[in-house]
Every structure is written in structure tokens, then in C-alpha cells.
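File shown: data_32.txt (compact mmCIF, C-alpha atoms).
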# COMPACT_ATOMS: atom_id res chain seq x y z
CA MET X 1 229.82 246.98 48.01
CA ARG X 2 232.31 247.36 50.85
CA ILE X 3 230.60 246.15 54.01
CA PHE X 4 231.74 246.34 57.63
CA ILE X 5 230.17 243.55 59.70
CA THR X 6 230.10 243.25 63.48
CA GLY X 7 229.23 239.96 65.15
CA ALA X 8 230.66 237.81 62.36
CA THR X 9 232.05 235.32 64.89
CA GLY X 10 228.50 234.69 66.13
CA PHE X 11 225.69 232.59 64.68
CA LEU X 12 223.71 235.30 62.86
CA GLY X 13 226.70 237.40 61.82
CA TYR X 14 228.47 234.36 60.40
CA HIS X 15 225.60 233.58 58.04
CA ILE X 16 225.24 237.25 57.04
CA ALA X 17 228.95 237.39 56.21
CA CYS X 18 228.74 234.16 54.17
CA GLU X 19 225.81 235.51 52.18
CA CYS X 20 227.62 238.80 51.57
CA LEU X 21 230.55 236.86 50.12
CA LYS X 22 228.21 234.82 47.91
CA ALA X 23 226.69 238.06 46.62
CA GLY X 24 230.14 239.35 45.65
CA HIS X 25 230.53 242.00 48.34
CA THR X 26 233.87 242.84 49.99
CA ILE X 27 233.72 242.47 53.75
CA LEU X 28 235.63 243.67 56.78
CA CYS X 29 234.66 241.84 59.98
CA LEU X 30 235.16 243.01 63.54
CA ARG X 31 236.30 240.54 66.18
CA ARG X 32 237.46 240.55 69.77
CA LYS X 33 240.88 239.28 70.78
CA THR X 34 239.24 236.17 72.26
CA SER X 35 236.92 235.49 69.30
CA VAL X 36 237.04 232.18 67.46
CA SER X 37 236.29 232.21 63.75
CA LEU X 38 233.52 229.97 62.40
CA PHE X 39 234.72 230.31 58.81
CA SER X 40 236.52 227.69 56.77
CA GLN X 41 240.07 228.20 55.55
CA GLU X 42 238.74 228.85 52.07
CA GLN X 43 236.31 231.49 53.29
CA GLU X 44 239.04 233.18 55.34
CA LYS X 45 240.86 234.04 52.11
CA TYR X 46 238.10 236.49 51.25
CA ILE X 47 237.63 238.10 54.67
CA GLU X 48 239.51 241.03 56.10
CA TRP X 49 239.52 241.25 59.91
CA VAL X 50 239.92 244.09 62.36
CA THR X 51 240.36 243.45 66.08
CA LEU X 52 238.40 245.47 68.62
CA GLY X 53 240.48 247.71 70.84
CA THR X 54 243.72 247.55 68.86
CA PRO X 55 245.60 250.83 68.18
CA PHE X 56 244.97 250.72 64.42
CA MET X 57 241.31 249.68 64.51
CA LYS X 58 239.86 253.03 63.40
CA LYS X 59 242.59 253.49 60.80
CA THR X 60 241.89 250.02 59.36
CA ILE X 61 238.19 250.85 59.03
CA GLU X 62 238.93 254.22 57.43
CA THR X 63 241.31 252.58 54.95
CA PHE X 64 238.68 249.96 54.08
CA GLN X 65 236.12 252.76 53.46
CA PRO X 66 232.95 250.77 54.21
CA GLU X 67 229.85 251.95 52.40
CA ILE X 68 227.61 249.88 54.64
CA LEU X 69 227.62 248.78 58.27
CA ILE X 70 225.76 245.60 59.26
CA HIS X 71 225.61 245.46 63.04
CA SER X 72 224.78 242.03 64.45
CA ALA X 73 227.09 241.95 67.49
CA TRP X 74 225.43 241.60 70.89
CA GLN X 75 226.67 240.21 74.18
CA GLY X 76 224.44 238.51 76.75
CA VAL X 77 221.86 236.80 74.52
CA SER X 78 221.45 233.78 76.81
CA ALA X 79 218.50 233.71 79.20
CA ASN X 80 220.79 234.07 82.21
CA ASP X 81 222.24 237.37 80.95
CA ARG X 82 219.18 239.13 79.53
CA ASN X 83 218.56 241.06 82.73
CA ASN X 84 222.20 241.77 83.45
CA GLU X 85 222.22 245.58 83.31
CA LEU X 86 226.01 245.85 83.04
CA ILE X 87 226.23 243.52 80.05
CA GLN X 88 223.18 244.90 78.26
CA HIS X 89 224.10 248.56 78.76
CA SER X 90 227.56 247.81 77.37
CA ASN X 91 225.86 246.78 74.12
CA LEU X 92 224.26 250.20 73.82
CA GLN X 93 227.58 251.96 74.33
CA PHE X 94 229.29 249.62 71.87
CA PHE X 95 226.63 250.34 69.25
CA MET X 96 227.09 254.08 69.64
CA ASP X 97 230.85 253.65 69.33
CA VAL X 98 230.53 251.59 66.13
CA ILE X 99 228.16 253.95 64.31
CA ASN X 100 230.52 256.83 65.10
CA LEU X 101 233.58 255.07 63.69
CA TYR X 102 232.90 256.04 60.08
CA ASN X 103 230.54 258.03 57.88
CA TYR X 104 228.62 255.07 56.40
CA ASN X 105 226.06 255.44 53.62
CA GLN X 106 223.75 252.82 55.15
CA ILE X 107 223.45 251.12 58.52
CA ILE X 108 221.56 247.84 58.96
CA ALA X 109 221.18 246.70 62.56
CA LEU X 110 219.48 243.71 64.16
CA GLY X 111 216.74 244.17 66.71
CA SER X 112 214.68 241.48 68.44
CA GLN X 113 211.16 240.14 68.83
CA GLU X 114 211.62 240.74 72.55
CA GLU X 115 211.17 244.46 71.99
CA TYR X 116 207.41 243.79 71.76
CA GLY X 117 207.20 242.10 75.16
CA CYS X 118 204.97 239.08 75.86
CA LEU X 119 202.06 238.86 73.42
CA ASN X 120 199.64 236.23 72.22
CA GLU X 121 198.83 237.64 68.81
CA ILE X 122 200.26 238.04 65.34
CA ILE X 123 202.87 240.79 65.42
CA ASP X 124 203.77 243.37 62.82
CA GLU X 125 205.79 246.61 62.84
CA ASN X 126 202.81 248.63 64.08
CA VAL X 127 202.45 246.76 67.38
CA PRO X 128 203.48 249.05 70.29
CA LEU X 129 206.80 248.22 71.88
CA ASN X 130 206.74 246.87 75.42
CA PRO X 131 210.28 245.77 76.36
CA GLN X 132 210.46 243.88 79.65
CA SER X 133 214.03 242.61 79.94
CA GLU X 134 217.17 244.75 80.06
CA TYR X 135 218.14 243.07 76.79
CA ALA X 136 214.95 244.29 75.11
CA LYS X 137 215.16 247.76 76.63
CA ASP X 138 218.66 248.28 75.29
CA LYS X 139 217.63 246.96 71.88
CA VAL X 140 214.92 249.63 71.81
CA SER X 141 217.43 252.25 72.95
CA CYS X 142 219.76 251.28 70.11
CA SER X 143 216.97 251.68 67.56
CA GLU X 144 216.21 255.15 68.92
CA VAL X 145 219.89 256.10 68.76
CA LEU X 146 220.02 254.91 65.16
CA ARG X 147 216.87 256.84 64.21
CA ASN X 148 218.13 260.08 65.77
CA PHE X 149 221.67 259.65 64.45
CA SER X 150 220.34 259.26 60.90
CA LYS X 151 218.49 262.57 61.15
CA VAL X 152 221.79 264.31 61.78
CA HIS X 153 223.92 262.46 59.23
CA GLY X 154 221.31 261.67 56.57
CA TYR X 155 222.24 258.06 55.81
CA GLU X 156 219.90 255.22 54.92
CA TRP X 157 219.13 252.95 57.89
CA GLN X 158 217.14 249.85 58.82
CA TRP X 159 216.39 248.34 62.21
CA LEU X 160 215.35 244.73 61.58
CA ARG X 161 213.60 242.94 64.44
CA VAL X 162 214.60 239.30 64.19
CA PHE X 163 212.38 236.48 65.41
CA ASN X 164 213.44 232.81 65.58
CA ILE X 165 216.32 231.59 63.42
CA TYR X 166 217.83 228.11 63.31
CA GLY X 167 220.54 226.28 61.40
CA GLU X 168 224.19 225.37 61.16
CA LYS X 169 226.66 226.86 63.66
CA GLN X 170 223.92 227.58 66.20
CA ASN X 171 224.76 226.83 69.83
CA THR X 172 223.38 223.45 70.85
CA THR X 173 221.68 224.94 73.91
CA TRP X 174 219.00 226.46 71.63
CA LEU X 175 215.82 224.49 70.99
CA ILE X 176 216.13 223.01 67.50
CA PRO X 177 219.85 222.09 67.63
CA ALA X 178 219.30 220.70 71.14
CA ILE X 179 216.51 218.43 69.88
CA ILE X 180 218.60 217.36 66.88
CA THR X 181 221.50 216.49 69.20
CA GLU X 182 219.23 214.45 71.45
CA CYS X 183 217.80 212.58 68.47
CA LEU X 184 221.28 211.82 67.12
CA ASN X 185 222.13 210.42 70.54
CA ASN X 186 219.09 208.10 70.31
CA ARG X 187 217.33 209.66 73.28
CA GLU X 188 213.78 208.25 73.49
CA LYS X 189 212.58 211.10 75.71
CA ILE X 190 213.64 214.72 75.39
CA PRO X 191 213.16 217.11 78.32
CA VAL X 192 211.10 220.03 77.02
CA THR X 193 208.33 222.27 78.32
CA GLU X 194 204.62 221.61 77.84
CA GLY X 195 204.76 223.24 74.41
CA ARG X 196 202.44 226.16 75.09
CA GLN X 197 204.68 228.60 73.27
CA GLN X 198 204.07 228.85 69.54
CA TYR X 199 206.87 230.00 67.28
CA ALA X 200 207.62 230.06 63.57
CA TYR X 201 211.25 229.47 62.63
CA LEU X 202 213.27 230.82 59.73
CA TYR X 203 216.26 228.92 58.36
CA CYS X 204 219.58 230.75 58.76
CA ASP X 205 220.37 230.90 55.02
CA ASP X 206 216.96 232.44 54.27
CA PHE X 207 217.51 234.92 57.08
CA ALA X 208 220.91 235.93 55.69
CA LYS X 209 219.45 236.37 52.20
CA ALA X 210 216.78 238.66 53.66
CA ILE X 211 219.44 240.80 55.33
CA VAL X 212 221.57 241.01 52.19
CA SER X 213 218.51 241.91 50.09
CA VAL X 214 218.21 245.14 52.11
CA ILE X 215 221.70 246.31 51.12
CA TRP X 216 221.53 249.59 49.24
CA LYS X 217 217.73 249.54 49.24
CA LYS X 218 215.30 252.14 50.53
CA VAL X 219 212.89 250.07 52.60
CA ASN X 220 210.90 250.67 55.78
CA PRO X 221 213.39 251.78 58.45
CA VAL X 222 211.83 249.43 61.00
CA SER X 223 210.97 245.96 59.74
CA ILE X 224 210.42 242.41 60.98
CA ILE X 225 212.39 239.37 59.81
CA TYR X 226 210.32 236.23 60.17
CA HIS X 227 208.81 233.41 58.16
CA LEU X 228 205.27 232.63 59.25
CA PRO X 229 202.67 234.38 61.41
CA ILE X 230 203.97 234.07 64.95
CA HIS X 231 202.26 233.58 68.27
CA TYR X 232 204.34 233.52 71.40
CA HIS X 233 203.91 233.81 75.15
Would you put the structure from the file into C-alpha cells?
Amino acid sequence: MRIFITGATGFLGYHIACECLKAGHTILCLRRKTSVSLFSQEQEKYIEWVTLGTPFMKKTIETFQPEILIHSAWQGVSANDRNNELIQHSNLQFFMDVINLYNYNQIIALGSQEEYGCLNEIIDENVPLNPQSEYAKDKVSCSEVLRNFSKVHGYEWQWLRVFNIYGEKQNTTWLIPAIITECLNNREKIPVTEGRQQYAYLYCDDFAKAIVSVIWKKVNPVSIIYHLPIHYH
């Protein structure tokens, strides 16, 4: 399959792109002018890039003729930016721009556990949405745009709400890589919270395999990507 991937210079998108290559797909990845690639020199041989905002961006995508769009790009995922309306609203506009770039056969986009709000129960796809942050609200808005857009254009689509992922290439400010770093530095005490939050984590390679398994499949349009039953506050 020919797959157009956004967010490939980020943690989740990188692993999705790697898994697509392993599965034998041909990929075109979108990047910004300031983006830094996470891929090895060997991997770069099999990746075609297109730079956001360049004059020939749309033409490059049309020439590539992607059958599938995997949208994982999102700005402002850190805690400090999740209520920044300007940043979060720009993600919604960017998403609408990307899905209008080409007549894809399937669109797979990443949502978030945060769309459900703060709960203390096991969550599935039937739990009512209760977005609290601007980040979550715009994630929900993107899913609604995707649902409505598919009714007009008739393509296959999936909105996959992602819970907690960990693994290589993740920023060291996140919990598991932060703890690993502290342990490698022989810290006897690690500054953490009281541990009242309960999460289940999914390894990045397993996450990427789950995403790739959805390619060209007719599955529930709205699904959850996680590993174990999850409680969180």
C-alpha cells in the first residue's frame, strides 16, 4: 500500500512509519522545515519526504497517490500546552487541511484517552465523551470532522483513541523514560507523585503493530488502543 503519514518525526508517528516499512508498505512522510528525523540512515533510504508549506507539497502528494492517510501529527501534547487554545485549534485546522489534500481510500487518525475526561473506571468505546482540556476538545472536534467528511466522500475511516504508550525515542520528560534515566544515573530516590493514578502501558512496537493491522480493514470506526484494563484519575 502507498501510505501518507503525518507526525513521523514524533514518537508515535516514528514507530508507525517503522512498522509500515517492516510490513512492506511504501510511505511518504510529512515534515516541517524545522523537523529533525528520528530515522537511521538505512531507514531513510526507504522513506520519501514532503515538507509542509513548500510550493510543491500538494503536487508531491498527488504524484505519490496515497491510498491511505495515517494522521498522528499533533502540536502541544505537553501538559503546559494542553489548554493553549491557539495551539490546539491550529491542530484542528491542520487536520482539515490534510484530509482535503487528496482523495484517500482510508484515513486512520489518532485520538486520545483524554477525550473521556477524568474517570475512575474501566473505559471502552461506549463511555460518553467528556473532554475537559482544549487538547481533548479539539481531538473530539477532529473525530467529528472525520466522521462527517467520510459521509460525503465515502472512504473507510478509523479514529483510534490512544492510551499510554512507552518505548524508544520517547521524550525523557515522560514517566517511564524519566524513571529509566534516573535509574541509569544511580538515583536512590526519584521524585514522583503519591502514585494514586493507575495506568496500563502499551509498548511502542505493539502499538505500531496495532495501527498497521487496521490498514485496509473494515473495523469499528471509533476504537481504543490499549493493553490492559485502565483506571485513571
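Of the listed residues X:Leu129, X:Leu92, X:Ala136, X:Val214, the one whose atoms come nearest to X:Ala79 is X:Ala136, with distances taken using only C-alpha atoms.
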### Message
Could you check which residues have any atom within 12 Å of (229.8, 245.6, 61.7), counting only C-alpha atoms with coordinates taken straight from the file, and then list them as a ChimeraX atom specification?
### Response
/X:2-10,13-14,16-17,27-31,49-52,61,66-74,94-102,104,106-110
### Query
Within 10 Å of X:Cys18, counting all atoms listed in the file, which residues qualify if same-chain residues fewer than 2 places away don't, as JSON, numbers by chain?
{"X": [8, 13, 14, 15, 16, 20, 21, 22, 23, 25, 27, 39, 43, 47, 205, 208, 209]}
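Atom CA of X:Asn91 lies 20.7 Å from atom CA of X:Ser37.
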### Message
Nearest residue to X:Thr54 out of X:Tyr201, X:Ser223, X:Lys33, X:Gly117, using only C-alpha atoms?
### Response
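Answer, going by the shortest atom-to-atom distance: X:Lys33.
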### Message
For a test of reading the model, state the distance in Å between atom CA of X:Glu144 and atom CA of X:Leu86, rounded to one decimal.
### Response
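So the two atoms, atom CA of X:Glu144 and atom CA of X:Leu86, lie 19.5 Å apart.
All residues of protein, DNA or RNA that reach within 12 Å of X:Asn80, judged by all atoms listed in the file and not counting those fewer than 5 positions away in the chain, are Gln75, Glu85, Ile87, Gln88, Ser133, Glu134 and Tyr135 of chain X.
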### Query
For X:Val145, which residue among X:Asn120, X:Gln197, X:Thr60, X:Gln93 is the nearest when counting all atoms listed in the file?
X:Gln93
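Among the candidates X:Ala200, X:Leu38, X:Met57, X:Val222, the residue lying nearest to X:Leu160 is X:Val222 (atoms considered: all atoms listed in the file).
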#### Entry: atom CA of X:Tyr166 to atom CA of X:Cys204, straight-line distance in Å
5.5 Å
#### Entry: Among listed residues X:Asn103, X:Ser90, X:Asn171, X:Thr34, nearest X:Val152 (using all atoms listed in the file)
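Comparing X:Asn103, X:Ser90, X:Asn171, X:Thr34 against X:Val152, the winner is X:Asn103.
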### Task
Return the single residue from X:Arg82, X:Val192, X:Arg187, X:Gln158 that is closest to X:Ser213, with distances computed using all atoms listed in the file.
X:Gln158
